[in-house]
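Q: Take a look at this one; I'll ask things after.
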Amino acid sequence: IVGGIDGSNTRGYAMLLGQLGVSMVVDDYSQMDYNYDFLHRDPGWPQLITRILEQTHSATYDVDVDLAQDARASILNELRAILGKVNSRKDQKHSPSSQQFYGSDKYVASTSSKTSFGFKAPITMLLLPFFAKLNSNIRFVLVVRDGRDIAFSKNQSPVEKYYDTYFDTGRPQRRKEARQDNDSPHIKAMRLWNDWNAKVHKHLLSSSMDFLVVRAEDLIEDPYATILKLAHFVGSSLNRHELCQLSETTRKATKQIQSGYGKWKEPLGRNADLSSSIHQIGSESLELFGYYPPRRFMDVEYASSGYTCEAD
């Protein structure tokens, strides 16, 4: 399962997983999303997440303790239905876009030895406690993007849908803690990004679930190392030369989106107070994922043969 806050390029990673041999079940190929319509109520994921957050107000909750019994049973049944429906569609024919090397017209035939199917739904990052109860074989890819970019993104769907419920701003004390009435959208977005990613990462570390954390920026800065690690995670049948070719087409494709990264520098550069607030509120996850202070987040051990990726 691929998850992460909206705007983190979960779509790019979902495309790569399909190219690495994972049978990705997709409803919306423009976003590579799997959308589940619960009992014909639209939309599906948001209403499910809201039901959970109304009771837990947390990204990492105890399913058996923090939710009422009837809600817990209902949500477990709905998630069983989701996994069952996805599983029933795992052998579907992929569209051409999911069979191509990322950003090219070259097709690739590959398999994945560690997965039977996969899907992408960004908000599933808040469903990990439930998934852990349902299936011990789930592998989770958490995609993270610099929270400063997220804070200045035009896509503020998570803030609009979940901020008030998550921080329980209807209660005076929580409203004071979240400073709901005074904060700009950028502050709210950073607060949500920091809290969700830090807590979800901590939960993954303490759980038995197999997981991989990747950054959106890694596909731009070092696509080969990133794809190599992703390939190992899913057991892709592609060899190093094929992975190298895939990384090169990925490098070319990501050039189209590079201008969207680092947009936070201009507004924070001219507003010292806002910059200070953003960095203070996001300090935990900015440091955890290597954004501030900046550091290399992911190191990949190259083959002892000394293989160097030099795409044709």
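As shown in the structure tokens, the chain order sets the letters A, B, ...; within each chain, residues go from 1, and ligands are also counted from 1 in the order they appear.
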Please list as JSON, numbers by chain every residue within 10 Å of A:Phe152, counting only C-alpha atoms and excluding residues in the same chain fewer than 6 positions away.
A: {"A": [185, 186, 187, 189, 190, 262, 263, 264, 265, 267, 268]}
Q: For the helix (DSSP H, G or I) assignment from backbone DSSP, which residues of stretch 29-263 of chain A qualify? Please present them as an NGL selection string.
A: :A and (38-40 or 44-56 or 63-66 or 69-88 or 96-99 or 122-126 or 128-134 or 147-151 or 157-166 or 172-178 or 185-206 or 218-221 or 223-234 or 240-254 or 258-260)
Q: A:Ser275, A:Asn135, A:Gln47, A:Glu266: which is nearest A:Met209, counting only C-alpha atoms?
A: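 Using only C-alpha atoms, the shortest distance to A:Met209 belongs to A:Asn135.
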Q: For A:Leu128, list every protein, DNA or RNA residue within 9 Å, evaluated using only C-alpha atoms, and leave out those in the same chain fewer than 2 positions away; present the list as a PyMOL selection string.
A: chain A and resi 59-60+124-126+130-133+140+200+203-204+209
Q: Just checking: using only C-alpha atoms, which residue out of A:Tyr36, A:Arg191, A:Gly3, A:Asp222 ends up closest to A:Gly84?
A: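 Between A:Tyr36, A:Arg191, A:Gly3, A:Asp222, the residue approaching A:Gly84 most closely is A:Tyr36.
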Q: Compare A:Val65, A:Met24, A:Leu243, A:Ile52 by their minimum atom-to-atom distance to A:Ser88, counting only C-alpha atoms, and give me the closest one.
A: A:Met24
Q: What is the atom CA of A:Val141 to atom CA of A:Ile1 distance in Å?
A: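 Interatomic distance, atom CA of A:Val141 to atom CA of A:Ile1: 6.2 Å.
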Q: Skip A:Glu310 itself and residues of its chain fewer than 4 positions away, then list as a list in words all residues within 9 Å of it, counting only C-alpha atoms.
A: His241, Cys244, Gln245 and Glu248 of chain A
Q: Go ahead and write the residues just picked, N, CA and C atoms, as an mmCIF file, in the first residue's frame.
A:
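result_2.cif written:
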```
data_model
loop_
_atom_site.group_PDB
_atom_site.id
_atom_site.type_symbol
_atom_site.label_atom_id
_atom_site.label_comp_id
_atom_site.auth_asym_id
_atom_site.auth_seq_id
_atom_site.Cartn_x
_atom_site.Cartn_y
_atom_site.Cartn_z
ATOM 1 N N HIS A 241 20.752 -3.491 -14.818
ATOM 2 C CA HIS A 241 20.775 -2.708 -16.049
ATOM 3 C C HIS A 241 19.384 -2.175 -16.367
ATOM 4 N N CYS A 244 18.601 0.551 -14.067
ATOM 5 C CA CYS A 244 19.346 1.740 -14.480
ATOM 6 C C CYS A 244 18.610 2.468 -15.599
ATOM 7 N N GLN A 245 18.099 1.719 -16.571
ATOM 8 C CA GLN A 245 17.329 2.330 -17.651
ATOM 9 C C GLN A 245 16.078 3.011 -17.120
ATOM 10 N N GLU A 248 16.892 6.276 -15.534
ATOM 11 C CA GLU A 248 17.195 7.337 -16.481
ATOM 12 C C GLU A 248 15.911 7.948 -17.060
#
```
Q: Please identify all polymer residues within 8 Å of A:Arg11, counting only C-alpha atoms, omitting same-chain residues fewer than 2 positions from it, and present them as a VMD selection string.
A: chain A and resid 9 13 to 15 31 to 33 120
Q: Write the residues of the selection above to a file with N, CA, C and O atoms, as a compact mmCIF listing (two decimals), in the first residue's frame.
A:
```
# COMPACT_ATOMS: atom_id res chain seq x y z
N ASN A 9 3.83 13.27 -4.20
CA ASN A 9 4.21 12.45 -5.36
C ASN A 9 4.05 10.96 -5.08
O ASN A 9 4.87 10.15 -5.51
N TYR A 13 5.48 7.20 -7.29
CA TYR A 13 5.92 5.93 -6.70
C TYR A 13 4.97 4.79 -7.04
O TYR A 13 5.41 3.64 -7.22
N ALA A 14 3.68 5.07 -7.14
CA ALA A 14 2.74 4.03 -7.55
C ALA A 14 3.03 3.57 -8.97
O ALA A 14 2.97 2.37 -9.29
N MET A 15 3.36 4.52 -9.86
CA MET A 15 3.72 4.16 -11.23
C MET A 15 4.97 3.28 -11.25
O MET A 15 5.03 2.28 -11.95
N GLN A 31 -4.27 9.87 -11.33
CA GLN A 31 -3.61 9.99 -10.04
C GLN A 31 -3.03 8.66 -9.55
O GLN A 31 -2.37 8.62 -8.52
N MET A 32 -3.31 7.58 -10.29
CA MET A 32 -2.90 6.22 -9.88
C MET A 32 -3.55 5.82 -8.56
O MET A 32 -3.01 5.04 -7.79
N ASP A 33 -4.75 6.34 -8.30
CA ASP A 33 -5.44 6.08 -7.04
C ASP A 33 -6.37 4.89 -7.12
O ASP A 33 -6.93 4.58 -8.18
N LYS A 120 -2.67 2.41 -4.29
CA LYS A 120 -2.26 3.69 -3.72
C LYS A 120 -3.49 4.46 -3.27
O LYS A 120 -4.44 4.65 -4.03
```
Q: Under the rule that only C-alpha atoms are counted, which of A:Leu205, A:Val63, A:Val22, A:Leu53 is the nearest residue to A:Phe233?
A: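 That would be A:Val22, the residue with the smallest distance to A:Phe233.
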